[in-house]
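Visitor: Here you go, this is work_3.csv (CSV, C-alpha atoms and all ligand atoms).
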chain,number,residue,atom,x,y,z
A,198,MET,CA,-39.8,13.6,-1.1
A,199,ARG,CA,-36.9,13.8,-3.4
A,200,VAL,CA,-33.9,15.8,-2.2
A,201,PRO,CA,-33.3,18.4,-5.0
A,202,ASP,CA,-29.9,18.5,-6.6
A,203,ALA,CA,-28.1,21.8,-5.7
A,204,PRO,CA,-26.6,23.8,-8.5
A,205,LEU,CA,-22.8,23.3,-8.6
A,206,ASP,CA,-22.0,26.9,-7.6
A,207,MET,CA,-24.0,26.4,-4.4
A,208,THR,CA,-22.1,23.3,-3.3
A,209,GLU,CA,-21.3,23.3,0.4
A,210,PHE,CA,-18.7,20.6,0.2
A,211,SER,CA,-15.1,21.4,1.2
A,212,GLU,CA,-12.7,22.3,-1.6
A,213,ARG,CA,-10.3,19.6,-0.3
A,214,VAL,CA,-12.9,16.8,-0.8
A,215,GLU,CA,-14.1,18.2,-4.1
A,216,GLN,CA,-10.6,17.7,-5.5
A,217,VAL,CA,-10.7,13.9,-4.8
A,218,SER,CA,-12.6,11.4,-6.9
A,219,ILE,CA,-13.4,7.7,-6.3
A,220,SER,CA,-10.5,5.5,-7.5
A,221,GLY,CA,-10.4,4.8,-11.3
A,222,ILE,CA,-9.9,1.1,-10.5
A,223,ARG,CA,-13.6,0.7,-9.7
A,224,GLU,CA,-14.6,1.9,-13.2
A,225,VAL,CA,-12.5,-1.0,-14.7
A,226,PHE,CA,-14.4,-3.6,-12.5
A,227,GLU,CA,-17.7,-2.2,-13.6
A,228,ALA,CA,-16.7,-2.4,-17.3
A,229,ALA,CA,-16.0,-6.1,-17.0
A,230,GLY,CA,-18.6,-8.9,-17.2
A,231,ASP,CA,-19.6,-11.0,-14.2
A,232,ASP,CA,-17.6,-14.0,-15.4
A,233,ALA,CA,-14.4,-12.0,-16.1
A,234,ILE,CA,-11.1,-13.1,-14.5
A,235,ASN,CA,-10.2,-10.3,-12.1
A,236,LEU,CA,-6.5,-9.4,-12.1
A,237,GLY,CA,-7.3,-6.0,-10.8
A,238,LEU,CA,-7.5,-6.8,-7.1
A,239,GLY,CA,-4.9,-5.8,-4.5
A,240,GLN,CA,-5.9,-8.6,-2.2
A,241,PRO,CA,-4.2,-12.0,-1.7
A,242,ASP,CA,-6.3,-15.0,-2.6
A,243,PHE,CA,-5.4,-16.9,0.6
A,244,PRO,CA,-7.4,-17.4,3.7
A,245,THR,CA,-6.4,-15.6,6.9
A,246,PRO,CA,-4.4,-18.0,9.0
A,247,SER,CA,-6.7,-20.1,11.3
A,248,HIS,CA,-4.8,-19.1,14.5
A,249,ALA,CA,-5.6,-15.5,13.8
A,250,ARG,CA,-9.3,-16.2,13.2
A,251,ASP,CA,-9.4,-18.4,16.3
A,252,ALA,CA,-7.8,-15.6,18.4
A,253,ALA,CA,-10.5,-13.2,17.3
A,254,CYS,CA,-13.3,-15.7,18.0
A,255,GLU,CA,-11.9,-16.5,21.5
A,256,ALA,CA,-11.5,-12.8,22.3
A,257,ILE,CA,-15.2,-12.2,21.3
A,258,ASN,CA,-16.5,-15.3,23.1
A,259,GLU,CA,-14.6,-14.4,26.3
A,260,GLY,CA,-15.9,-10.9,26.2
A,261,VAL,CA,-12.5,-9.2,26.1
A,262,ALA,CA,-13.2,-7.5,22.8
A,263,ASP,CA,-16.3,-5.7,23.8
A,264,ALA,CA,-14.8,-2.5,25.0
A,265,TYR,CA,-12.6,0.2,23.6
A,266,THR,CA,-8.9,-0.6,23.9
A,267,SER,CA,-6.3,2.0,24.6
A,268,ASN,CA,-6.2,4.6,21.8
A,269,LYS,CA,-2.9,3.2,20.5
A,270,GLY,CA,-4.2,-0.4,20.7
A,271,THR,CA,-3.6,-3.1,23.3
A,272,LEU,CA,-0.1,-3.2,24.7
A,273,SER,CA,0.2,-6.8,23.8
A,274,LEU,CA,-0.5,-6.1,20.1
A,275,ARG,CA,2.0,-3.2,20.1
A,276,GLU,CA,4.6,-5.5,21.7
A,277,ALA,CA,3.9,-8.1,19.0
A,278,ILE,CA,4.5,-5.4,16.3
A,279,ALA,CA,7.7,-4.1,18.0
A,280,HIS,CA,8.9,-7.7,18.3
A,281,ARG,CA,8.5,-8.3,14.6
A,282,TYR,CA,10.6,-5.1,13.8
A,283,ASP,CA,13.3,-6.5,16.0
A,284,VAL,CA,13.2,-10.1,14.7
A,285,ASP,CA,12.6,-9.3,11.0
A,286,TRP,CA,14.6,-6.2,10.4
A,287,GLY,CA,16.8,-5.6,13.5
A,288,ILE,CA,15.0,-2.4,14.3
A,289,ASP,CA,14.4,-1.4,17.9
A,290,VAL,CA,10.8,-0.1,18.2
A,291,ASP,CA,9.3,1.0,21.5
A,292,PRO,CA,5.7,-0.4,21.8
A,293,GLU,CA,4.7,3.1,23.1
A,294,HIS,CA,5.8,4.4,19.7
A,295,VAL,CA,3.2,2.4,17.8
A,296,ILE,CA,-0.4,3.2,16.9
A,297,ALA,CA,-2.6,0.3,15.7
A,298,THR,CA,-4.8,1.7,13.0
A,299,ALA,CA,-7.7,0.7,10.7
A,300,GLY,CA,-5.4,-0.7,8.1
A,301,GLY,CA,-2.4,0.8,6.5
A,302,SER,CA,-4.9,3.3,4.9
A,303,GLU,CA,-5.6,5.0,8.2
A,304,ALA,CA,-2.0,5.0,9.2
A,305,LEU,CA,-1.2,6.9,6.0
A,306,HIS,CA,-4.0,9.3,6.7
A,307,ILE,CA,-3.0,10.2,10.2
A,308,ALA,CA,0.7,10.5,9.2
A,309,LEU,CA,-0.3,13.1,6.5
A,310,GLU,CA,-2.9,14.9,8.7
A,311,ALA,CA,-0.4,15.3,11.4
A,312,HIS,CA,2.5,16.6,9.3
A,313,VAL,CA,1.1,18.5,6.3
A,314,ASP,CA,-0.1,22.1,6.4
A,315,PRO,CA,-2.3,23.7,3.7
A,316,GLY,CA,-0.1,24.7,0.8
A,317,GLU,CA,2.7,22.3,1.7
A,318,THR,CA,3.7,19.7,-0.9
A,319,VAL,CA,4.0,15.9,-0.5
A,320,LEU,CA,6.3,14.0,-2.9
A,321,PHE,CA,5.4,10.5,-4.0
A,322,PRO,CA,6.1,8.0,-6.8
A,323,ASP,CA,4.2,8.2,-10.1
A,324,PRO,CA,2.9,5.7,-10.9
A,325,GLY,CA,2.1,5.1,-7.2
A,326,PHE,CA,-0.5,3.9,-4.8
A,327,VAL,CA,-3.7,6.0,-5.4
A,328,SER,CA,-4.1,7.1,-1.7
A,329,TYR,CA,-0.9,9.2,-1.7
A,330,ASP,CA,-2.4,11.8,-4.0
A,331,ALA,CA,-5.9,11.7,-2.5
A,332,LEU,CA,-4.8,11.8,1.2
A,333,THR,CA,-2.4,14.6,0.5
A,334,ARG,CA,-5.3,16.7,-0.9
A,335,ILE,CA,-7.6,15.7,2.0
A,336,ALA,CA,-4.9,17.0,4.4
A,337,GLY,CA,-4.9,20.3,2.4
A,338,GLY,CA,-1.5,19.7,0.9
A,339,THR,CA,-0.4,19.8,-2.7
A,340,PRO,CA,0.6,16.5,-4.4
A,341,THR,CA,3.9,16.4,-6.3
A,342,PRO,CA,4.2,13.1,-8.2
A,343,LEU,CA,7.7,12.1,-9.1
A,344,ALA,CA,8.9,10.2,-12.2
A,345,LEU,CA,10.5,6.7,-11.7
A,346,ARG,CA,13.6,5.1,-13.1
A,347,ASP,CA,13.2,2.7,-16.0
A,348,ASP,CA,13.1,-0.2,-13.6
A,349,LEU,CA,10.2,1.6,-11.9
A,350,THR,CA,12.1,2.2,-8.6
A,351,LEU,CA,12.2,5.8,-7.2
A,352,ASP,CA,15.6,7.5,-7.5
A,353,PRO,CA,16.6,9.3,-4.3
A,354,ALA,CA,18.2,12.0,-6.4
A,355,THR,CA,14.7,12.7,-7.9
A,356,VAL,CA,13.3,13.2,-4.4
A,357,GLU,CA,16.2,15.4,-3.4
A,358,GLU,CA,15.9,17.6,-6.5
A,359,ALA,CA,12.2,18.1,-5.9
A,360,ILE,CA,12.5,19.2,-2.3
A,361,THR,CA,11.6,22.9,-1.7
A,362,GLU,CA,11.0,25.0,1.3
A,363,ASP,CA,7.3,23.9,1.1
A,364,THR,CA,7.9,20.2,1.1
A,365,ALA,CA,6.3,18.6,4.2
A,366,ALA,CA,7.0,14.9,3.3
A,367,PHE,CA,8.0,12.4,0.7
A,368,VAL,CA,6.5,8.9,0.5
A,369,VAL,CA,8.7,5.8,-0.2
A,370,ASN,CA,6.8,2.6,-1.0
A,371,SER,CA,8.8,-0.7,-1.2
A,372,PRO,CA,7.8,-3.2,-2.4
A,373,ALA,CA,5.6,-1.0,-4.4
A,374,ASN,CA,2.0,-1.0,-5.6
A,375,PRO,CA,1.4,-0.8,-8.6
A,376,THR,CA,4.9,-1.7,-9.9
A,377,GLY,CA,6.2,-4.6,-7.8
A,378,ALA,CA,9.5,-2.7,-7.6
A,379,VAL,CA,11.8,-3.1,-4.5
A,380,GLN,CA,14.2,-0.3,-3.5
A,381,SER,CA,17.8,-1.3,-2.8
A,382,GLU,CA,19.5,-0.9,0.6
A,383,ALA,CA,21.6,1.9,-0.9
A,384,ASP,CA,18.4,3.8,-2.0
A,385,MET,CA,16.9,3.4,1.5
A,386,ARG,CA,20.1,4.7,3.1
A,387,GLU,CA,19.8,7.7,0.7
A,388,PHE,CA,16.2,8.3,1.6
A,389,ALA,CA,17.1,8.3,5.3
A,390,ARG,CA,20.0,10.8,4.6
A,391,ILE,CA,17.7,13.1,2.6
A,392,ALA,CA,15.1,13.1,5.4
A,393,ASP,CA,17.8,13.9,7.9
A,394,GLU,CA,19.7,16.5,5.9
A,395,HIS,CA,16.7,18.4,4.5
A,396,ASP,CA,14.6,18.0,7.7
A,397,VAL,CA,11.7,16.6,5.7
A,398,LEU,CA,9.5,13.7,6.8
A,399,CYS,CA,9.9,10.4,5.0
A,400,ILE,CA,6.8,8.3,5.2
A,401,SER,CA,7.8,4.7,4.4
A,402,ASP,CA,4.9,2.6,3.3
A,403,GLU,CA,5.9,-1.0,3.9
A,404,VAL,CA,2.7,-2.9,3.7
A,405,TYR,CA,4.3,-5.4,1.3
A,406,GLU,CA,7.5,-5.7,3.5
A,407,HIS,CA,7.3,-9.5,3.7
A,408,ILE,CA,6.4,-10.2,0.0
A,409,VAL,CA,9.9,-10.0,-1.6
A,410,PHE,CA,11.3,-12.5,-4.1
A,411,ASP,CA,14.7,-11.0,-5.1
A,412,GLY,CA,16.9,-9.2,-2.7
A,413,GLU,CA,15.6,-8.1,0.7
A,414,HIS,CA,13.3,-5.5,2.2
A,415,HIS,CA,15.1,-2.6,3.8
A,416,SER,CA,13.4,0.2,5.8
A,417,PRO,CA,14.8,3.7,5.9
A,418,LEU,CA,13.7,3.6,9.6
A,419,LYS,CA,16.9,1.6,10.2
A,420,TYR,CA,19.2,4.2,8.7
A,421,ALA,CA,17.9,7.6,9.8
A,422,GLU,CA,19.8,9.5,12.4
A,423,THR,CA,17.0,11.9,13.2
A,424,ASP,CA,13.3,11.0,13.9
A,425,ASN,CA,12.4,12.1,10.3
A,426,VAL,CA,11.1,8.7,9.2
A,427,VAL,CA,7.8,7.1,10.1
A,428,ALA,CA,7.0,3.6,8.9
A,429,ILE,CA,3.6,2.2,8.0
A,430,SER,CA,2.6,-1.4,7.7
A,431,ALA,CA,-0.4,-3.7,8.1
A,432,CYS,CA,-1.6,-7.3,8.5
A,433,SER,CA,-3.6,-6.8,5.3
A,434,LYS,CA,-1.1,-8.3,2.7
A,435,THR,CA,1.3,-10.3,4.8
A,436,TYR,CA,-1.4,-12.4,6.6
A,437,SER,CA,-4.1,-12.0,4.0
A,438,MET,CA,-6.2,-9.9,6.3
A,439,THR,CA,-7.5,-7.0,4.2
A,440,GLY,CA,-11.0,-7.3,5.6
A,441,TRP,CA,-9.8,-7.1,9.2
A,442,ARG,CA,-8.6,-3.5,8.8
A,443,LEU,CA,-5.6,-3.7,11.0
A,444,GLY,CA,-2.4,-1.7,10.4
A,445,TRP,CA,0.0,0.5,12.3
A,446,VAL,CA,2.4,3.4,12.2
A,447,THR,CA,5.6,3.8,14.1
A,448,GLY,CA,7.7,6.9,14.7
A,449,SER,CA,9.2,9.0,17.4
A,450,ASN,CA,7.3,9.9,20.6
A,451,ARG,CA,6.5,13.5,19.4
A,452,ARG,CA,5.3,12.3,16.0
A,453,ILE,CA,3.2,9.5,17.5
A,454,GLU,CA,1.7,12.0,20.0
A,455,ARG,CA,0.5,14.2,17.1
A,456,MET,CA,-0.8,11.3,15.0
A,457,LEU,CA,-2.6,10.0,18.0
A,458,ARG,CA,-4.6,13.2,18.2
A,459,VAL,CA,-6.0,12.5,14.7
A,460,HIS,CA,-6.5,8.8,15.4
A,461,GLN,CA,-8.2,9.4,18.8
A,462,TYR,CA,-10.8,11.7,17.4
A,463,GLY,CA,-11.3,10.0,14.1
A,464,GLN,CA,-11.2,6.4,15.2
A,465,ALA,CA,-10.8,6.1,19.0
A,466,CYS,CA,-9.1,2.7,18.6
A,467,ALA,CA,-8.7,0.0,16.0
A,468,SER,CA,-11.4,-2.7,16.1
A,469,ALA,CA,-10.7,-4.8,19.2
A,470,PRO,CA,-11.4,-8.3,17.7
A,471,SER,CA,-9.1,-7.4,14.8
A,472,GLN,CA,-6.4,-6.4,17.3
A,473,TYR,CA,-6.5,-9.9,18.9
A,474,ALA,CA,-6.4,-11.6,15.4
A,475,ALA,CA,-3.5,-9.4,14.4
A,476,GLU,CA,-1.5,-10.2,17.6
A,477,ALA,CA,-1.9,-13.9,16.9
A,478,ALA,CA,-0.9,-13.5,13.3
A,479,LEU,CA,2.2,-11.6,14.2
A,480,ASN,CA,3.3,-14.0,17.0
A,481,GLY,CA,2.2,-17.1,15.2
A,482,PRO,CA,4.0,-19.6,12.9
A,483,ARG,CA,5.6,-18.1,9.8
A,484,GLU,CA,4.6,-21.0,7.5
A,485,PRO,CA,1.4,-19.4,6.1
A,486,VAL,CA,3.4,-16.3,5.1
A,487,ASP,CA,6.2,-18.4,3.6
A,488,GLU,CA,3.7,-20.5,1.6
A,489,MET,CA,1.9,-17.4,0.3
A,490,VAL,CA,5.2,-15.7,-0.7
A,491,SER,CA,6.4,-18.9,-2.5
A,492,ALA,CA,3.1,-19.1,-4.4
A,493,PHE,CA,3.4,-15.4,-5.4
A,494,GLU,CA,7.0,-16.0,-6.6
A,495,GLU,CA,5.9,-18.9,-8.8
A,496,ARG,CA,3.2,-16.8,-10.3
A,497,ARG,CA,5.5,-13.9,-10.8
A,498,ASP,CA,7.9,-16.1,-12.8
A,499,LEU,CA,5.0,-17.3,-15.0
A,500,VAL,CA,3.6,-13.8,-15.6
A,501,LEU,CA,7.0,-12.4,-16.3
A,502,ASP,CA,7.9,-15.2,-18.8
A,503,GLU,CA,4.6,-15.1,-20.6
A,504,LEU,CA,4.4,-11.4,-20.9
A,505,THR,CA,8.0,-11.2,-22.2
A,506,ASP,CA,7.3,-14.0,-24.6
A,507,MET,CA,4.4,-12.0,-26.0
A,508,GLY,CA,6.8,-9.2,-26.8
A,509,LEU,CA,5.9,-6.9,-23.9
A,510,GLU,CA,8.5,-5.1,-22.0
A,511,VAL,CA,8.2,-5.8,-18.2
A,512,PRO,CA,10.5,-4.4,-15.5
A,513,THR,CA,11.1,-7.4,-13.3
A,514,PRO,CA,8.8,-7.1,-10.2
A,515,GLU,CA,10.8,-8.2,-7.2
A,516,GLY,CA,8.0,-8.1,-4.6
A,517,ALA,CA,4.4,-7.4,-3.8
A,518,PHE,CA,2.0,-9.2,-6.3
A,519,TYR,CA,1.9,-6.9,-9.2
A,520,ALA,CA,3.5,-6.7,-12.6
A,521,MET,CA,3.5,-3.6,-14.7
A,522,PRO,CA,4.3,-4.2,-18.4
A,523,LYS,CA,4.5,-1.5,-21.0
A,524,VAL,CA,1.5,-2.0,-23.3
A,525,PRO,CA,0.6,-0.8,-26.8
A,526,ASP,CA,-2.4,1.7,-27.2
A,527,GLY,CA,-5.7,-0.1,-26.8
A,528,TRP,CA,-4.2,-3.1,-25.1
A,529,VAL,CA,-6.1,-2.7,-21.8
A,530,ASP,CA,-9.4,-2.3,-23.5
A,531,GLU,CA,-8.8,-5.3,-25.7
A,532,VAL,CA,-7.9,-7.4,-22.7
A,533,ILE,CA,-10.9,-6.2,-20.7
A,534,ASP,CA,-13.3,-6.8,-23.7
A,535,ARG,CA,-12.0,-10.4,-23.8
A,536,GLY,CA,-13.0,-10.9,-20.1
A,537,VAL,CA,-9.8,-10.2,-18.1
A,538,VAL,CA,-9.7,-7.3,-15.7
A,539,VAL,CA,-6.4,-5.4,-15.6
A,540,VAL,CA,-6.0,-1.8,-14.5
A,541,PRO,CA,-4.7,0.9,-16.9
A,542,GLY,CA,-1.4,2.4,-15.6
A,543,ASP,CA,-2.8,5.9,-15.6
A,544,ALA,CA,-5.1,5.1,-12.8
A,545,PHE,CA,-1.9,5.4,-10.7
A,546,GLY,CA,-0.7,8.7,-12.0
A,547,GLU,CA,0.0,10.5,-15.3
A,548,ARG,CA,3.3,8.7,-15.8
A,549,GLY,CA,1.5,5.4,-15.6
A,550,ALA,CA,0.1,6.0,-19.0
A,551,GLY,CA,1.2,3.3,-21.5
A,552,TYR,CA,1.5,0.6,-18.7
A,553,ALA,CA,-1.0,-1.8,-17.2
A,554,ARG,CA,-1.1,-3.2,-13.7
A,555,ILE,CA,-1.6,-7.0,-13.5
A,556,SER,CA,-2.3,-8.4,-10.1
A,557,TYR,CA,-1.3,-12.1,-9.8
A,558,ALA,CA,-3.1,-12.6,-6.5
A,559,THR,CA,-5.2,-15.2,-8.1
A,560,GLY,CA,-4.9,-19.0,-8.6
A,561,MET,CA,-2.5,-20.5,-11.2
A,562,GLU,CA,-5.2,-21.9,-13.5
A,563,GLU,CA,-7.0,-18.7,-13.7
A,564,LEU,CA,-3.8,-16.9,-14.2
A,565,GLU,CA,-2.8,-19.2,-17.1
A,566,ASP,CA,-6.2,-18.6,-18.7
A,567,ALA,CA,-5.8,-14.9,-18.3
A,568,LEU,CA,-2.4,-15.0,-19.9
A,569,ASP,CA,-3.8,-16.8,-22.9
A,570,VAL,CA,-6.3,-14.0,-23.3
A,571,MET,CA,-3.6,-11.4,-23.0
A,572,ARG,CA,-1.7,-13.3,-25.7
A,573,GLU,CA,-4.7,-13.2,-28.1
A,574,ALA,CA,-5.3,-9.6,-27.3
A,575,THR,CA,-1.7,-8.7,-28.0
A,576,ARG,CA,-1.9,-10.5,-31.4
A,577,ALA,CA,-5.2,-8.8,-32.2
A,578,ILE,CA,-3.9,-5.2,-32.0
A,601,LIG,N1,-0.2,1.0,0.9
A,601,LIG,C1,-0.2,0.3,-0.3
A,601,LIG,C2,1.0,0.5,-1.2
A,601,LIG,C3,-1.2,-0.5,-0.7
A,601,LIG,O1,-1.2,-1.2,-1.8
A,601,LIG,C4,-2.4,-0.6,0.2
A,601,LIG,C5,-3.6,-1.4,-0.1
A,601,LIG,N2,-3.8,-1.7,-1.4
A,601,LIG,C6,-2.3,0.2,1.4
A,601,LIG,C7,-1.2,0.9,1.7
A,601,LIG,C8,-3.5,0.1,2.4
A,601,LIG,O2,-3.6,-1.1,3.0
A,601,LIG,P1,-4.8,-1.5,4.0
A,601,LIG,O3,-5.6,-2.4,3.2
A,601,LIG,O4,-4.1,-2.1,5.1
A,601,LIG,O5,-5.5,-0.2,4.4
Could I get this structure in the form of structure tokens?
Ligand code: PMP
Guide:
Amino acid sequence: MRVPDAPLDMTEFSERVEQVSISGIREVFEAAGDDAINLGLGQPDFPTPSHARDAACEAINEGVADAYTSNKGTLSLREAIAHRYDVDWGIDVDPEHVIATAGGSEALHIALEAHVDPGETVLFPDPGFVSYDALTRIAGGTPTPLALRDDLTLDPATVEEAITEDTAAFVVNSPANPTGAVQSEADMREFARIADEHDVLCISDEVYEHIVFDGEHHSPLKYAETDNVVAISACSKTYSMTGWRLGWVTGSNRRIERMLRVHQYGQACASAPSQYAAEAALNGPREPVDEMVSAFEERRDLVLDELTDMGLEVPTPEGAFYAMPKVPDGWVDEVIDRGVVVVPGDAFGERGAGYARISYATGMEELEDALDVMREATRAI
């Protein structure tokens, strides 16, 4: 029997969910042919390091990954995460103040759920990662997208001016998706000061923390004097582990305790085999990360040179694996019609209009072919 469609005014879906639609990026993939070169993906084209895979297999075969772990994740994984904060960024993190999550996505979700009340606003970069808007709405909050500087970084002054009595949180994302922009140390100090002085939560999305070519990654976690910063990261990008779904959030005890309530009922714990893989990735040799970052840098240089040579204006992406050139009207469609998938900038917010996001997480040869196509498309319009 066919389930009848209900008339719209009889919908029983929540208003929060009715406000959210499936990401515009998918539509672009569907528009492209099967043999298209896909520069639309937010996923590294490298294998997960073998020691991480092996650790998961071992845990499975030895039967230690069969059961729930502690809600926060295994202590040894949380120790490995805390150790990296210490070694990589000189930040002292208590393993008890970490929750292992189903990717950075769940970490963002529980951070917003735990801190945003209906009617409160959340500030975030525009163009910015698509989840900030959607997860704010799902938490019952009101999204407030913020304009970026010409170099596509977020000006702390813009955040400070936008804060009102109703602001629950602001999101900082460096290195950023979709822009590749990296915030300076001075900016991060300012974000920490703003969180402290205005008593507003700063959610720092650092999933690309290790993929930086120019300058260095800085976390506002290091500079805050209050507990008003929570940091989010994941194995997804750093260790090419998007499919393993393993991320985390760290913050003060009282914040972790609130986020854990959401995580406990929504997730119970992150997947146990993935926790073992993540621990091995975090504690293992750094060469796979270094090799991947060098490859991304080489590709970044190529993409930047070629796009500039075509006459496009491209703010220099200093991290992640995206470039975001300003493009003429019709450019994205022309490129897609010629068999290369790029994402229109307005998929990341209204102010992304007139830009395109190009992911260079793809092999050099394919990238060169795709750039030839972009050159032809640029000439044609
Ligand atoms: N934050 C940003 C900025 C991202 O680009 C992504 C993934 N595209 C995420 C968070 C979520 O990462 P994960 O795959 O670990 O859920």
Visitor: Residues within 8 Å of ligand LIG 601 (chain A) should be enumerated using only C-alpha atoms and all ligand atoms and returned as a VMD selection string.
Guide: chain A and resid 239 to 240 299 to 305 325 to 326 328 370 to 375 402 to 405 430 to 434 439 to 440 442 to 444
Visitor: Go ahead and compute the interatomic distance for CA of Thr361 (chain A) and CA of Glu406 (chain A), in Å to one decimal.
Guide: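 Between these atoms lies a distance of 29.4 Å.
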Visitor: Of the candidates A:Gly270, A:Pro485, A:Pro322, A:Pro470, which one gets nearest to Ala297 (chain A) if we count all atoms listed in the file?
Guide: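 Smallest separation from Ala297 (chain A) among the options: A:Gly270.
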Visitor: Rank A:Val540, A:Glu484, A:Thr575, A:Asp530 by their smallest atom-to-atom distance to Leu504 (chain A), using all atoms listed in the file, and report the top residue only.
Guide: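 The shortest atom-to-atom distance to Leu504 (chain A) comes from A:Thr575.
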Visitor: Find the distance between CA of Thr266 (chain A) and CA of His306 (chain A) and write it in Å to one decimal.
Guide: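 Between these atoms lies a distance of 20.4 Å.
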Visitor: For Asp323 (chain A), list every protein, DNA or RNA residue within 9 Å, evaluated using only C-alpha atoms, and leave out those in the same chain fewer than 5 positions away; present the list as a PyMOL selection string.
Guide: chain A and resi 342-345+351+545-549
Visitor: Go through A:Gly448, A:Gly338, A:Gly542, A:Gly377 and flag the residue nearest Ala279 (chain A), using all atoms listed in the file for the distances.
Guide: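 Residue with the minimum atom-to-atom distance to Ala279 (chain A): A:Gly448.
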Visitor: Rounded to one decimal place, report the CA of Glu362 (chain A)-CA of Glu382 (chain A) distance in Å.
Guide: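 Pair CA of Glu362 (chain A) / CA of Glu382 (chain A) returns 27.3 Å.
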Visitor: Could you extract region 362-374 of chain A of the given structure into a file holding N, CA and C atoms, as a PDB file, in the first residue's frame?
Guide:
ATOM      1  N   GLU A 362      22.675  40.833  23.528  1.00  0.00           N
ATOM      2  CA  GLU A 362      22.271  40.088  24.731  1.00  0.00           C
ATOM      3  C   GLU A 362      21.847  38.667  24.402  1.00  0.00           C
ATOM      4  N   ASP A 363      21.389  38.465  23.171  1.00  0.00           N
ATOM      5  CA  ASP A 363      20.858  37.153  22.779  1.00  0.00           C
ATOM      6  C   ASP A 363      21.907  36.224  22.181  1.00  0.00           C
ATOM      7  N   THR A 364      23.152  36.667  22.110  1.00  0.00           N
ATOM      8  CA  THR A 364      24.158  35.816  21.470  1.00  0.00           C
ATOM      9  C   THR A 364      24.605  34.702  22.412  1.00  0.00           C
ATOM     10  N   ALA A 365      24.451  33.463  21.951  1.00  0.00           N
ATOM     11  CA  ALA A 365      24.882  32.320  22.765  1.00  0.00           C
ATOM     12  C   ALA A 365      26.326  31.955  22.453  1.00  0.00           C
ATOM     13  N   ALA A 366      26.697  32.065  21.186  1.00  0.00           N
ATOM     14  CA  ALA A 366      28.017  31.570  20.789  1.00  0.00           C
ATOM     15  C   ALA A 366      28.452  32.179  19.471  1.00  0.00           C
ATOM     16  N   PHE A 367      29.763  32.172  19.231  1.00  0.00           N
ATOM     17  CA  PHE A 367      30.267  32.463  17.887  1.00  0.00           C
ATOM     18  C   PHE A 367      31.238  31.359  17.483  1.00  0.00           C
ATOM     19  N   VAL A 368      31.232  31.055  16.191  1.00  0.00           N
ATOM     20  CA  VAL A 368      32.075  29.970  15.681  1.00  0.00           C
ATOM     21  C   VAL A 368      33.264  30.573  14.937  1.00  0.00           C
ATOM     22  N   VAL A 369      34.442  30.064  15.273  1.00  0.00           N
ATOM     23  CA  VAL A 369      35.669  30.433  14.559  1.00  0.00           C
ATOM     24  C   VAL A 369      36.159  29.158  13.888  1.00  0.00           C
ATOM     25  N   ASN A 370      36.561  29.244  12.644  1.00  0.00           N
ATOM     26  CA  ASN A 370      37.001  28.049  11.911  1.00  0.00           C
ATOM     27  C   ASN A 370      38.296  28.365  11.160  1.00  0.00           C
ATOM     28  N   SER A 371      39.391  27.834  11.702  1.00  0.00           N
ATOM     29  CA  SER A 371      40.696  28.081  11.075  1.00  0.00           C
ATOM     30  C   SER A 371      41.563  26.842  11.212  1.00  0.00           C
ATOM     31  N   PRO A 372      42.184  26.406  10.094  1.00  0.00           N
ATOM     32  CA  PRO A 372      41.961  26.795   8.707  1.00  0.00           C
ATOM     33  C   PRO A 372      40.502  26.536   8.315  1.00  0.00           C
ATOM     34  N   ALA A 373      40.015  27.319   7.361  1.00  0.00           N
ATOM     35  CA  ALA A 373      38.578  27.324   7.109  1.00  0.00           C
ATOM     36  C   ALA A 373      38.161  26.558   5.859  1.00  0.00           C
ATOM     37  N   ASN A 374      37.005  25.961   5.979  1.00  0.00           N
ATOM     38  CA  ASN A 374      36.230  25.459   4.859  1.00  0.00           C
ATOM     39  C   ASN A 374      35.112  26.492   4.675  1.00  0.00           C
TER      40      ASN A 374
END
